[in-house]
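What follows is a set of notes on a single structure, which appears directly below.
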Amino acid sequence: MPDQPSDATPTVDVWAIQPPTAAIVDADGGDAPVDEPAPRRSRRGSHEARTDWRLGGRTVLRWREALLAVALVSLGAAVLLGSLVATVWDSPWAAASATVLIWIGMLGPIVWAFTRSRPIGLLRLRAIDLLYGLVPGALLRTTQGWIEGLDGSAATLPTLLQVDGSWALSTIALDVVAPIVVAPLVEEFFFRAVVLVALYTVLRRPFGKLTAGLVAALASTALFVLVHGISGDGGASGVVSLSLLGMVCALLVLLTGRIWGAVLVHAVYNASYVGLGLLVGAMT
């Protein structure tokens, strides 16, 4: 008698059934599954490391409103104290002492800022910075002499005090070393590093790079001219010349991301004036 079909139905584990995997042909001609999710990149690895302070980042995180406030308060107090010394103290050293006090007021925020952090790229020095310093510095000094002669009078030549036919040590320190070395370093690091970089950092995100750069350049230049006007470097020609110097230095920092071009422009601008004074003194 033939076998009869069994009524028992085999059991199937439906939980073990997996949907078919879609396949694509890989580069070698084989099937490659595509249903596996791609590994996620870490958030830290997805951002490129910043190499320039103008892009923001941790190195300028502390160069914002607090630094601007400290810088302005320190400068204002130094200017007031310097003006008081120059007015009250009846001494040949009064003007020089007032200038030194103002520099000290600038130096405090500079030291405080750079001990907190260093904007990446700002302190780099490139060979091209030498060219940036020499050419604009000389052109600005030539322009300054031309501006002074616009009213029809000849531009005044600088003179340095001599004692018995030679320059005194105080003259060398105050009229040669200070304007060529100290002033460019302290003033550029204050106006074009601390003030400009901090203001640019504050304004970059809400207003964009172009607006932030323009406002930072104009504000730092205006403050630069104002301080020199209070110190006695006034007059229409002086305001124009200092404004050109400040704007050129500010643009150099914004366009290159480095401070040394501005320092060298300032140094060459002052050195050409001092050199002319030394030449006039030697001839007379």
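Convention: chains lettered A, B, ... in structure tokens order; per-chain residue numbering from 1; ligands numbered from 1 as shown.
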
Item to check | alpha helix (DSSP H) per DSSP on the backbone: members of stretch 65-165 of chain A, as an MDAnalysis selection string | outcome: chainID A and resid 65:88 94:116 128:148

For the contact check between stretch 47-154 of chain A and stretch 180-183 of chain A, emit one row per residue of stretch 47-154 of chain A within 10 Å, containing the shortest atom pair and the distance in Å rounded to one decimal, counting only C-alpha atoms, chain then rising number order, as JSON lines.
```
{"residue": "A:Thr99", "atom": "CA", "partner": "A:Ala183", "partner_atom": "CA", "distance": 9.7}
{"residue": "A:Val100", "atom": "CA", "partner": "A:Ala183", "partner_atom": "CA", "distance": 9.8}
{"residue": "A:Trp103", "atom": "CA", "partner": "A:Ala183", "partner_atom": "CA", "distance": 8.0}
```

### Message
From a backbone DSSP assignment, name each residue in stretch 50-273 of chain A labelled strand (DSSP E or B), as a PyMOL selection string.
### Response
chain A and resi 162-163+166-167

*Neighbours of stretch 128-142 of chain A within 10 Å (only C-alpha atoms; same-chain residues fewer than 6 positions away dropped), as a ChimeraX atom specification?*
/A:241-242,244-245,248-249,252,256,258-273

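Distances to A:Leu68 were evaluated for A:Leu81, A:Trp53, A:Glu188, A:Val194 using only C-alpha atoms, and the minimum falls at A:Val194.
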
TODO: May I have the residues within 12 Å of A:Val111 as a VMD selection string, using only C-alpha atoms and disregarding those fewer than 6 positions away in the same chain?
DONE: chain A and resid 67 70 to 71 104 to 105 117 to 118 186 189 to 190 193 to 194

Next, dump the selected residues to file, keeping only C-alpha atoms, as a PDB file, in the first residue's frame.
```pdb
ATOM      1  CA  LEU A  67      40.305  92.538  25.882  1.00  0.00           C
ATOM      2  CA  VAL A  70      40.890  96.458  29.134  1.00  0.00           C
ATOM      3  CA  ALA A  71      42.883  97.989  26.271  1.00  0.00           C
ATOM      4  CA  ILE A 104      53.275 101.639  29.387  1.00  0.00           C
ATOM      5  CA  GLY A 105      49.495 101.954  29.167  1.00  0.00           C
ATOM      6  CA  SER A 117      46.637  83.180  23.907  1.00  0.00           C
ATOM      7  CA  ARG A 118      48.421  83.913  20.644  1.00  0.00           C
ATOM      8  CA  VAL A 186      54.548  98.973  21.074  1.00  0.00           C
ATOM      9  CA  PHE A 189      51.161  95.557  18.670  1.00  0.00           C
ATOM     10  CA  PHE A 190      48.586  97.664  20.511  1.00  0.00           C
ATOM     11  CA  ALA A 193      47.306  93.508  17.020  1.00  0.00           C
ATOM     12  CA  VAL A 194      45.250  93.952  20.181  1.00  0.00           C
TER      13      VAL A 194
END
```

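Of note, atom CA of A:Tyr200 and atom CA of A:Phe224 are spaced 16.4 Å apart.
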
From atom CA of A:Val73 to atom CA of A:Val215 the spacing works out at 19.9 Å

Per-residue nearest contacts of stretch 46-69 of chain A to stretch 122-127 of chain A (12 Å; only C-alpha atoms) as JSON lines:
```
{"residue": "A:Thr51", "atom": "CA", "partner": "A:Leu122", "partner_atom": "CA", "distance": 10.0}
{"residue": "A:Asp52", "atom": "CA", "partner": "A:Leu122", "partner_atom": "CA", "distance": 7.7}
{"residue": "A:Trp53", "atom": "CA", "partner": "A:Leu122", "partner_atom": "CA", "distance": 7.0}
{"residue": "A:Arg54", "atom": "CA", "partner": "A:Leu122", "partner_atom": "CA", "distance": 9.3}
{"residue": "A:Thr59", "atom": "CA", "partner": "A:Leu122", "partner_atom": "CA", "distance": 10.3}
{"residue": "A:Val60", "atom": "CA", "partner": "A:Leu122", "partner_atom": "CA", "distance": 10.6}
```

The distance between atom CA of A:Leu150 and atom CA of A:Val240 is 12.1 Å

Closest of A:Ala96, A:Ala78, A:Leu61, A:Leu203 to A:Ile120, counting only C-alpha atoms, is A:Leu61

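The residue that comes closest to A:Met106, out of A:Val227, A:Val197, A:Val85, A:Ala222 and on the basis of only C-alpha atoms, is A:Val227.
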